[in-house]
>>> print(open('protein-v1.cif').read())   # mmCIF, C-alpha atoms
data_my_file
#
loop_
_atom_site.label_atom_id
_atom_site.label_comp_id
_atom_site.auth_asym_id
_atom_site.auth_seq_id
_atom_site.Cartn_x
_atom_site.Cartn_y
_atom_site.Cartn_z
CA MET A 93 53.06 -59.02 37.22
CA PRO A 94 53.88 -60.11 40.74
CA GLY A 95 57.05 -58.61 42.14
CA THR A 96 57.49 -55.94 39.45
CA PRO A 97 58.53 -52.80 41.32
CA ALA A 98 56.62 -49.59 40.62
CA LEU A 99 58.30 -47.04 38.34
CA THR A 100 58.86 -43.52 39.56
CA GLU A 101 56.72 -40.89 37.90
CA ALA A 102 59.82 -39.53 36.15
CA THR A 103 60.77 -42.96 34.77
CA TYR A 104 57.20 -43.60 33.67
CA TYR A 105 56.90 -40.36 31.74
CA ILE A 106 60.36 -40.69 30.20
CA LEU A 107 59.53 -44.14 28.84
CA LEU A 108 56.12 -42.98 27.69
CA SER A 109 57.59 -39.93 25.92
CA LEU A 110 60.00 -42.25 24.11
CA HIS A 111 57.16 -44.01 22.36
CA GLU A 112 58.61 -41.86 19.60
CA PRO A 113 62.37 -41.11 19.48
CA ARG A 114 63.21 -37.79 21.17
CA HIS A 115 66.15 -35.81 22.45
CA GLY A 116 66.43 -34.68 26.07
CA TYR A 117 64.56 -31.42 25.76
CA GLY A 118 61.84 -33.13 23.72
CA ILE A 119 61.26 -35.56 26.62
CA MET A 120 60.87 -32.64 29.04
CA GLN A 121 58.34 -30.92 26.77
CA GLN A 122 56.39 -34.08 26.02
CA THR A 123 56.15 -34.98 29.72
CA GLU A 124 54.88 -31.54 30.62
CA GLU A 125 52.34 -31.65 27.81
CA LEU A 126 51.08 -35.17 28.56
CA SER A 127 50.60 -34.40 32.25
CA GLY A 128 48.94 -31.06 31.56
CA GLY A 129 51.83 -29.22 33.18
CA ARG A 130 51.66 -31.23 36.40
CA VAL A 131 54.92 -33.17 35.96
CA ARG A 132 58.02 -31.21 35.11
CA LEU A 133 61.30 -33.08 34.72
CA ALA A 134 64.26 -30.96 35.80
CA ALA A 135 67.28 -31.31 33.53
CA GLY A 136 69.62 -32.80 36.16
CA THR A 137 67.04 -35.36 37.22
CA LEU A 138 66.34 -36.26 33.60
CA TYR A 139 70.03 -36.60 32.73
CA GLY A 140 70.64 -39.00 35.63
CA ALA A 141 67.51 -41.02 34.82
CA LEU A 142 68.41 -41.30 31.10
CA ASN A 143 71.87 -42.63 31.95
CA THR A 144 70.40 -45.18 34.34
CA LEU A 145 67.79 -46.28 31.78
CA CYS A 146 70.49 -46.67 29.12
CA ASP A 147 72.57 -48.79 31.53
CA LYS A 148 69.54 -50.98 32.18
CA GLY A 149 68.90 -51.37 28.46
CA TRP A 150 65.36 -49.97 28.63
CA ILE A 151 66.32 -47.18 26.20
CA VAL A 152 69.20 -46.57 23.80
CA LEU A 153 70.97 -43.44 22.64
CA ARG A 154 71.55 -42.95 18.94
CA THR A 155 73.32 -40.24 17.03
CA VAL A 156 70.96 -38.69 14.51
CA ASP A 157 73.47 -36.98 12.31
CA GLU A 158 77.21 -36.99 12.73
CA ASP A 159 77.74 -33.31 11.93
CA SER A 160 75.61 -31.70 14.60
CA ARG A 161 76.27 -34.53 17.10
CA ARG A 162 72.55 -34.43 17.78
CA LYS A 163 71.42 -37.40 19.81
CA GLU A 164 68.08 -38.93 20.51
CA TYR A 165 66.80 -41.66 22.75
CA LEU A 166 64.77 -44.70 21.70
CA LEU A 167 62.67 -47.13 23.69
CA THR A 168 63.94 -50.75 23.46
CA ASP A 169 61.68 -53.83 23.39
CA LYS A 170 62.56 -54.43 27.02
CA GLY A 171 61.63 -50.85 27.89
CA ARG A 172 58.33 -51.18 26.05
CA GLU A 173 57.50 -54.38 27.95
CA ILE A 174 58.24 -52.70 31.28
CA LEU A 175 56.09 -49.74 30.32
CA ILE A 176 53.16 -51.99 29.35
CA ASN A 177 53.42 -53.85 32.67
CA GLU A 178 53.44 -50.55 34.51
CA VAL A 179 50.28 -49.37 32.73
CA ARG A 180 48.60 -52.62 33.81
CA ARG A 181 49.72 -52.03 37.38
CA LEU A 182 48.45 -48.46 37.36
CA LYS A 183 45.10 -49.62 35.95
CA GLU A 184 44.79 -52.00 38.88
CA LEU A 185 45.51 -49.18 41.33
CA ALA A 186 42.99 -46.88 39.69
CA ARG A 187 40.36 -49.65 39.43
CA ASN A 188 40.65 -50.48 43.12
CA GLY A 189 40.54 -46.84 44.10
CA GLU A 190 37.41 -46.22 42.05
CA MET A 191 35.77 -49.42 43.30
CA ILE A 192 36.18 -48.43 46.94
CA LEU A 193 35.75 -44.67 46.69
CA GLY A 194 33.43 -44.85 43.67
CA GLU A 195 30.61 -42.78 45.05
CA GLU A 196 32.85 -40.15 46.61
CA MET A 197 34.68 -39.40 43.37
CA MET B 152 77.89 -3.47 30.38
CA GLU B 153 77.98 -2.55 34.03
CA ARG B 154 79.62 -5.19 36.22
CA LYS B 155 80.40 -5.73 39.85
CA THR B 156 82.33 -8.31 41.81
CA ILE B 157 81.42 -9.48 45.30
CA ASN B 158 83.60 -11.60 47.56
CA LYS B 159 81.53 -13.92 49.67
CA TRP B 160 82.12 -17.12 51.57
CA PHE B 161 79.69 -20.00 51.84
CA TRP B 162 80.33 -23.24 53.68
CA VAL B 163 79.71 -26.30 51.55
CA TRP B 164 76.50 -27.18 53.41
CA GLN B 165 75.15 -23.72 52.59
CA PHE B 166 74.82 -24.35 48.88
CA GLU B 167 71.08 -23.69 49.03
CA GLU B 168 71.68 -20.33 50.72
CA GLU B 169 74.28 -19.54 48.07
CA GLU B 170 71.79 -20.30 45.30
CA LYS B 171 69.11 -18.25 47.04
CA TRP B 172 71.47 -15.29 47.30
CA LEU B 173 72.41 -15.57 43.60
CA ASN B 174 68.71 -15.49 42.71
CA GLU B 175 68.10 -12.50 44.96
CA MET B 176 70.91 -10.74 43.09
CA ALA B 177 69.22 -11.66 39.78
CA SER B 178 65.88 -10.35 41.08
CA SER B 179 67.54 -7.06 41.90
CA GLY B 180 69.05 -6.76 38.42
CA TRP B 181 72.45 -8.41 38.78
CA VAL B 182 72.92 -11.79 37.15
CA LEU B 183 75.92 -14.02 37.80
CA GLU B 184 78.40 -13.88 34.92
CA SER B 185 81.44 -15.71 36.26
CA VAL B 186 82.64 -17.42 39.41
CA GLY B 187 86.03 -17.58 41.08
CA TYR B 188 87.33 -18.60 44.46
CA CYS B 189 84.83 -16.93 46.86
CA ARG B 190 84.36 -14.35 44.11
CA TYR B 191 81.20 -13.71 42.16
CA THR B 192 81.05 -11.36 39.18
CA PHE B 193 77.65 -10.00 38.19
CA VAL B 194 76.46 -8.15 35.15
CA ARG B 195 73.42 -5.84 34.89
CA CYS B 196 70.20 -7.50 33.75
CA GLU B 197 66.48 -6.81 33.75
CA PRO B 198 65.40 -7.47 37.35
CA GLY B 199 64.17 -11.08 37.54
CA ALA B 200 65.20 -11.95 33.99
CA TYR B 201 67.18 -15.02 35.08
CA THR B 202 67.08 -18.05 37.35
CA VAL B 203 70.47 -19.23 38.61
CA ARG B 204 71.23 -22.79 39.73
CA THR B 205 74.27 -24.50 41.17
CA GLU B 206 75.17 -28.09 41.96
CA MET B 207 78.16 -30.27 42.72
CA ARG B 208 79.10 -32.55 39.86
CA PRO B 209 82.43 -33.88 38.60
CA TYR B 210 83.34 -32.36 35.24
CA ASP B 211 81.08 -33.76 32.56
CA ASP B 212 81.15 -32.25 29.11
CA GLN B 213 78.09 -34.24 28.03
CA TYR B 214 76.10 -32.85 30.92
CA VAL B 215 76.89 -29.23 30.09
CA LYS B 216 75.90 -29.89 26.49
CA PHE B 217 72.68 -31.54 27.64
CA MET B 218 71.85 -28.54 29.85
CA GLU B 219 72.53 -26.13 26.99
CA GLU B 220 70.12 -28.07 24.78
CA THR B 221 67.41 -27.45 27.35
CA GLY B 222 67.98 -23.70 27.10
CA ALA B 223 70.24 -23.23 30.13
CA GLU B 224 73.44 -21.25 29.90
CA TYR B 225 76.65 -22.51 31.45
CA ILE B 226 78.22 -19.80 33.62
CA GLY B 227 81.29 -21.58 34.94
CA ARG B 228 82.64 -23.83 37.61
CA MET B 229 84.50 -23.46 40.86
CA MET B 230 86.10 -26.50 42.45
CA MET B 231 83.44 -29.14 41.83
CA TRP B 232 80.53 -26.69 41.76
CA ILE B 233 78.96 -25.86 38.47
CA TYR B 234 76.75 -22.80 37.76
CA PHE B 235 73.95 -22.35 35.24
CA ARG B 236 71.42 -19.66 34.44
CA LYS B 237 68.31 -19.61 32.34
CA LYS B 238 66.03 -16.79 31.21
CA THR B 239 62.85 -16.82 33.28
CA GLU B 240 60.80 -16.22 30.11
CA ASP B 241 62.04 -19.64 28.89
CA GLY B 242 60.27 -21.39 31.73
CA VAL B 243 60.84 -22.74 35.22
CA PHE B 244 64.42 -23.77 35.84
CA ASP B 245 65.31 -26.46 38.36
CA LEU B 246 68.08 -29.02 38.37
CA TYR B 247 66.31 -31.70 40.38
CA SER B 248 62.61 -32.47 40.35
CA ASP B 249 62.33 -35.59 42.51
CA ILE B 250 63.53 -36.75 45.89
CA ASP B 251 65.77 -39.53 44.55
CA SER B 252 67.86 -37.20 42.44
CA LYS B 253 68.10 -34.66 45.29
CA ILE B 254 69.39 -37.44 47.51
CA SER B 255 71.96 -38.57 44.96
CA HIS B 256 73.18 -34.97 44.71
CA LEU B 257 73.66 -34.89 48.50
CA ASP B 258 75.45 -38.27 48.26
CA ARG B 259 77.88 -36.80 45.74
CA ILE B 260 78.65 -33.91 48.10
CA GLY B 261 78.98 -36.32 51.04
CA LYS B 262 81.46 -38.53 49.19
CA VAL B 263 83.74 -35.62 48.40
CA LEU B 264 83.61 -34.32 51.99
CA LEU B 265 84.38 -37.79 53.30
CA ALA B 266 87.32 -38.24 50.94
CA ILE B 267 88.91 -34.84 51.67
CA GLY B 268 88.04 -35.03 55.38
CA GLY B 269 89.49 -38.53 55.70
CA ALA B 270 92.69 -37.52 53.93
CA ASN B 271 93.11 -34.53 56.25
CA LEU B 272 92.49 -36.70 59.27
CA LEU B 273 95.23 -39.14 58.23
CA ILE B 274 97.69 -36.38 57.35
CA GLY B 275 96.86 -34.57 60.59
CA LEU B 276 97.41 -37.68 62.68
CA ALA B 277 100.67 -38.52 60.89
CA ASN B 278 101.91 -34.94 61.35
CA SER B 279 100.91 -34.88 65.02
CA LEU B 280 103.02 -37.97 65.62
CA ASN B 281 105.93 -36.57 63.66
CA PRO B 282 108.06 -34.37 65.95
CA GLY B 283 109.57 -32.63 62.90
CA THR B 284 106.38 -30.70 62.10
CA ARG B 285 104.05 -28.59 64.24
CA PHE B 286 101.23 -28.15 61.79
CA GLY B 287 99.31 -31.37 62.23
CA TRP B 288 96.55 -29.42 63.98
CA VAL B 289 95.74 -27.55 60.77
CA ASN B 290 94.75 -30.79 59.03
CA LEU B 291 92.87 -31.95 62.11
CA LEU B 292 90.94 -28.67 62.15
CA VAL B 293 90.10 -29.01 58.44
CA ALA B 294 89.06 -32.63 59.02
CA THR B 295 86.77 -31.58 61.89
CA LEU B 296 85.13 -28.90 59.77
CA LEU B 297 84.58 -31.25 56.85
CA MET B 298 83.13 -33.90 59.14
CA TYR B 299 80.77 -31.25 60.55
CA GLY B 300 79.81 -30.45 56.94
CA LEU B 301 79.20 -34.13 56.30
CA GLY B 302 76.87 -34.20 59.30
CA ARG B 303 74.90 -31.22 57.94
CA ILE B 304 74.59 -32.86 54.51
CA HIS B 305 73.53 -36.10 56.15
CA GLY B 306 70.82 -34.23 58.08
CA LYS B 307 69.40 -32.84 54.82
CA LYS B 308 69.49 -36.33 53.35
CA GLU B 309 67.62 -37.85 56.30
CA ALA B 310 64.88 -35.24 55.96
CA LEU B 311 64.45 -36.17 52.29
CA GLU B 312 64.46 -39.89 53.05
CA LYS B 313 61.68 -39.39 55.55
CA GLU B 314 59.68 -37.55 52.92
CA ARG B 315 60.33 -40.36 50.44
CA GLU B 316 58.59 -42.86 52.70
CA LEU B 317 55.35 -41.20 51.64
CA HIS B 318 55.94 -39.96 48.12
CA GLU B 319 58.55 -39.48 45.40
#
>>> encode(input="protein-v1.cif", output="structure tokens")
Amino acid sequence: MPGTPALTEATYYILLSLHEPRHGYGIMQQTEELSGGRVRLAAGTLYGALNTLCDKGWIVLRTVDEDSRRKEYLLTDKGREILINEVRRLKELARNGEMILGEEM
Amino acid sequence: MERKTINKWFWVWQFEEEEKWLNEMASSGWVLESVGYCRYTFVRCEPGAYTVRTEMRPYDDQYVKFMEETGAEYIGRMMMWIYFRKKTEDGVFDLYSDIDSKISHLDRIGKVLLAIGGANLLIGLANSLNPGTRFGWVNLLVATLLMYGLGRIHGKKEALEKERELHE
């Protein structure tokens, strides 16, 4: 994908966590679990990123049940496409790194 | 519950020092319970039972609700500063985990300083030219202070931007 800018680690893990619908705290937990505790999304950072992603149309917010006003986020088709492109880009990075440093790793 | 109130002044560019002090209080068994103008009220707690965080953010009900869902407790707000605490047993508590969001926080602070500082500059200049009032210097002094604050915030931002050239 020429010209596709790299995602930040936070954006990447948010989109990846939303492979299944989740609420904010669920995204934080899933990210921490997936990265083996390495990546922790702070709540303020996550809140800002979620709003930006909603504005861009990569994710949407939906109200789960009207009474508790519980909300969860969903990945859109556009978001999924961007995530798939990013995985391809990361594979390229990793492949090149392994090819050159292969024996040292 | 045993309580105590401390009056303390922090300049706007000292928000990190303020937060550090609030956490030192929590470590010594006093956790922030409410905030007022230069006034902090603490309540007794197990030493180190809480982490306290503060940030500048325009009032946002959704945000407070979001924070509460992540296990943080809303303490209160003073001017545009908002205070949260979270039990340390519930995990690490930070508001910002990457450079971009730290920079946008500093930008928010900078915008407010610029707006208030600019207004004081204009009022100060207008008052200095108006022979009917002798207090134009007060606004000019406030404007100078706020512009100094803006410079300090900008310095923090530049340091982060330099870091961002290498990583997130």
>>> resolve_selection(input="protein-v1.cif", expression="the PyMOL selection byres ((chain B and resi 207) around 9)", output="list in words")
Thr205, Glu206, Arg208, Pro209, Met230, Met231, Trp232, Ile233, His256, Leu257, Arg259 and Ile260 of chain B
>>> residues_around(input="protein-v1.cif", residues="segment 271-278 of chain B", least_positions_apart="4", cutoff="10 Å", atoms="all atoms listed in the file", output="JSON, numbers by chain")
{"B": [265, 266, 267, 282, 283, 284, 285, 286, 287, 288, 289, 290, 291, 292, 293, 294, 295, 297, 298]}
>>> residues_around(input="protein-v1.cif", residues="Ile174 of chain A", least_positions_apart="6", cutoff="12 Å", atoms="only C-alpha atoms", output="list in words")
Met93, Thr96, Pro97, Ala98, Leu99, Thr103, Tyr104, Leu107, Leu108, Leu145, Lys148, Gly149, Trp150, Ile151, Leu167, Thr168, Arg180 and Arg181 of chain A
>>> residues_around(input="protein-v1.cif", residues="Leu142 of chain A", least_positions_apart="3", cutoff="12 Å", atoms="all atoms listed in the file", output="PyMOL selection string")
(chain A and resi 102-107+110+114-117+119-120+133+135-139+145-153+164-167) or (chain B and resi 214+217)
>>> interface_residues(input="protein-v1.cif", of="chain B", to="chain A", cutoff="8 Å", atoms="all atoms listed in the file", output="count of residues only")
13
>>> closest_residue(input="protein-v1.cif", among="B:Gln213, B:Thr192, B:Thr156, B:Thr202", to="Glu175 of chain B", atoms="all atoms listed in the file")
B:Thr202
>>> closest_residue(input="protein-v1.cif", among="B:Phe235, B:Asn174, B:Val203, B:Glu309", to="Lys216 of chain B", atoms="all atoms listed in the file")
B:Phe235
>>> atom_distance(input="protein-v1.cif", atom1="atom CA of Glu240 of chain B", atom2="atom CA of Ala200 of chain B")
7.3 Å
>>> atom_distance(input="protein-v1.cif", atom1="atom CA of Val263 of chain B", atom2="atom CA of Lys237 of chain B")
27.4 Å
>>> atom_distance(input="protein-v1.cif", atom1="atom CA of Arg236 of chain B", atom2="atom CA of Leu183 of chain B")
8.0 Å
>>> resolve_selection(input="protein-v1.cif", expression="the PyMOL selection byres ((chain B and resi 195) around 9)", output="list of chain:residue names")
B:Met152, B:Glu153, B:Arg154, B:Lys155, B:Ala177, B:Gly180, B:Trp181, B:Val182, B:Phe193, B:Val194, B:Cys196, B:Glu197, B:Pro198
>>> closest_residue(input="protein-v1.cif", among="B:Glu224, B:Gly268, B:Arg204, B:Gly242", to="Phe166 of chain B", atoms="all atoms listed in the file")
B:Arg204
>>> closest_residue(input="protein-v1.cif", among="A:Glu195, A:Glu173, A:Glu124, A:Glu190", to="Ser109 of chain A", atoms="all atoms listed in the file")
A:Glu124
>>> decode(input="protein-v1.cif", residues="segment 96-173 of chain A", atoms="C-alpha atoms", output="JSON list (two decimals), in the first residue's frame")
[["chain", "number", "residue", "atom", "x", "y", "z"],
["A", 96, "THR", "CA", -0.44, 4.56, 3.62],
["A", 97, "PRO", "CA", 0.84, 6.20, 6.80],
["A", 98, "ALA", "CA", 1.83, 3.97, 9.70],
["A", 99, "LEU", "CA", -0.65, 3.68, 12.57],
["A", 100, "THR", "CA", 0.44, 4.52, 16.08],
["A", 101, "GLU", "CA", 0.72, 1.58, 18.43],
["A", 102, "ALA", "CA", -2.33, 2.85, 20.33],
["A", 103, "THR", "CA", -4.44, 3.09, 17.15],
["A", 104, "TYR", "CA", -3.29, -0.34, 16.02],
["A", 105, "TYR", "CA", -4.23, -2.05, 19.25],
["A", 106, "ILE", "CA", -7.54, -0.19, 19.54],
["A", 107, "LEU", "CA", -8.58, -1.35, 16.07],
["A", 108, "LEU", "CA", -7.34, -4.85, 16.74],
["A", 109, "SER", "CA", -9.22, -5.04, 20.05],
["A", 110, "LEU", "CA", -12.38, -4.01, 18.22],
["A", 111, "HIS", "CA", -12.33, -7.14, 16.13],
["A", 112, "GLU", "CA", -15.11, -7.86, 18.59],
["A", 113, "PRO", "CA", -17.33, -5.03, 19.92],
["A", 114, "ARG", "CA", -16.05, -3.66, 23.25],
["A", 115, "HIS", "CA", -16.51, -0.75, 25.60],
["A", 116, "GLY", "CA", -13.64, 1.54, 26.59],
["A", 117, "TYR", "CA", -12.36, -0.43, 29.54],
["A", 118, "GLY", "CA", -12.60, -3.65, 27.52],
["A", 119, "ILE", "CA", -10.26, -2.14, 24.90],
["A", 120, "MET", "CA", -7.73, -1.27, 27.62],
["A", 121, "GLN", "CA", -7.83, -4.80, 29.02],
["A", 122, "GLN", "CA", -7.68, -6.50, 25.64],
["A", 123, "THR", "CA", -4.70, -4.38, 24.55],
["A", 124, "GLU", "CA", -2.80, -5.16, 27.70],
["A", 125, "GLU", "CA", -3.55, -8.86, 27.33],
["A", 126, "LEU", "CA", -2.66, -9.07, 23.63],
["A", 127, "SER", "CA", 0.66, -7.30, 24.15],
["A", 128, "GLY", "CA", 1.52, -9.36, 27.21],
["A", 129, "GLY", "CA", 1.35, -6.26, 29.41],
["A", 130, "ARG", "CA", 3.75, -4.27, 27.25],
["A", 131, "VAL", "CA", 1.23, -1.77, 25.86],
["A", 132, "ARG", "CA", -1.02, 0.00, 28.31],
["A", 133, "LEU", "CA", -3.51, 2.54, 26.99],
["A", 134, "ALA", "CA", -4.12, 5.33, 29.48],
["A", 135, "ALA", "CA", -7.76, 6.39, 29.71],
["A", 136, "GLY", "CA", -7.24, 9.97, 28.48],
["A", 137, "THR", "CA", -5.20, 8.81, 25.50],
["A", 138, "LEU", "CA", -7.79, 6.16, 24.68],
["A", 139, "TYR", "CA", -10.70, 8.60, 24.95],
["A", 140, "GLY", "CA", -9.06, 11.05, 22.54],
["A", 141, "ALA", "CA", -8.12, 8.28, 20.10],
["A", 142, "LEU", "CA", -11.65, 6.78, 20.14],
["A", 143, "ASN", "CA", -13.19, 10.16, 19.32],
["A", 144, "THR", "CA", -10.74, 10.68, 16.46],
["A", 145, "LEU", "CA", -11.39, 7.18, 15.10],
["A", 146, "CYS", "CA", -15.16, 7.75, 15.25],
["A", 147, "ASP", "CA", -14.74, 11.05, 13.37],
["A", 148, "LYS", "CA", -12.71, 9.26, 10.70],
["A", 149, "GLY", "CA", -15.34, 6.55, 10.39],
["A", 150, "TRP", "CA", -12.94, 3.70, 11.22],
["A", 151, "ILE", "CA", -15.08, 2.74, 14.23],
["A", 152, "VAL", "CA", -18.62, 3.52, 15.39],
["A", 153, "LEU", "CA", -20.18, 3.92, 18.80],
["A", 154, "ARG", "CA", -23.41, 2.11, 19.54],
["A", 155, "THR", "CA", -25.62, 2.09, 22.58],
["A", 156, "VAL", "CA", -26.04, -1.44, 23.86],
["A", 157, "ASP", "CA", -29.06, -0.94, 26.04],
["A", 158, "GLU", "CA", -30.93, 2.28, 26.58],
["A", 159, "ASP", "CA", -31.41, 1.87, 30.33],
["A", 160, "SER", "CA", -27.81, 1.63, 31.47],
["A", 161, "ARG", "CA", -26.58, 3.93, 28.66],
["A", 162, "ARG", "CA", -23.82, 1.38, 28.16],
["A", 163, "LYS", "CA", -21.92, 1.99, 24.97],
["A", 164, "GLU", "CA", -19.59, -0.09, 22.91],
["A", 165, "TYR", "CA", -17.41, 0.51, 19.91],
["A", 166, "LEU", "CA", -17.44, -1.44, 16.64],
["A", 167, "LEU", "CA", -14.93, -1.67, 13.83],
["A", 168, "THR", "CA", -16.32, -0.46, 10.46],
["A", 169, "ASP", "CA", -15.44, -1.99, 7.08],
["A", 170, "LYS", "CA", -13.15, 0.95, 6.46],
["A", 171, "GLY", "CA", -11.45, 0.39, 9.81],
["A", 172, "ARG", "CA", -11.00, -3.30, 9.06],
["A", 173, "GLU", "CA", -9.42, -2.51, 5.69]]
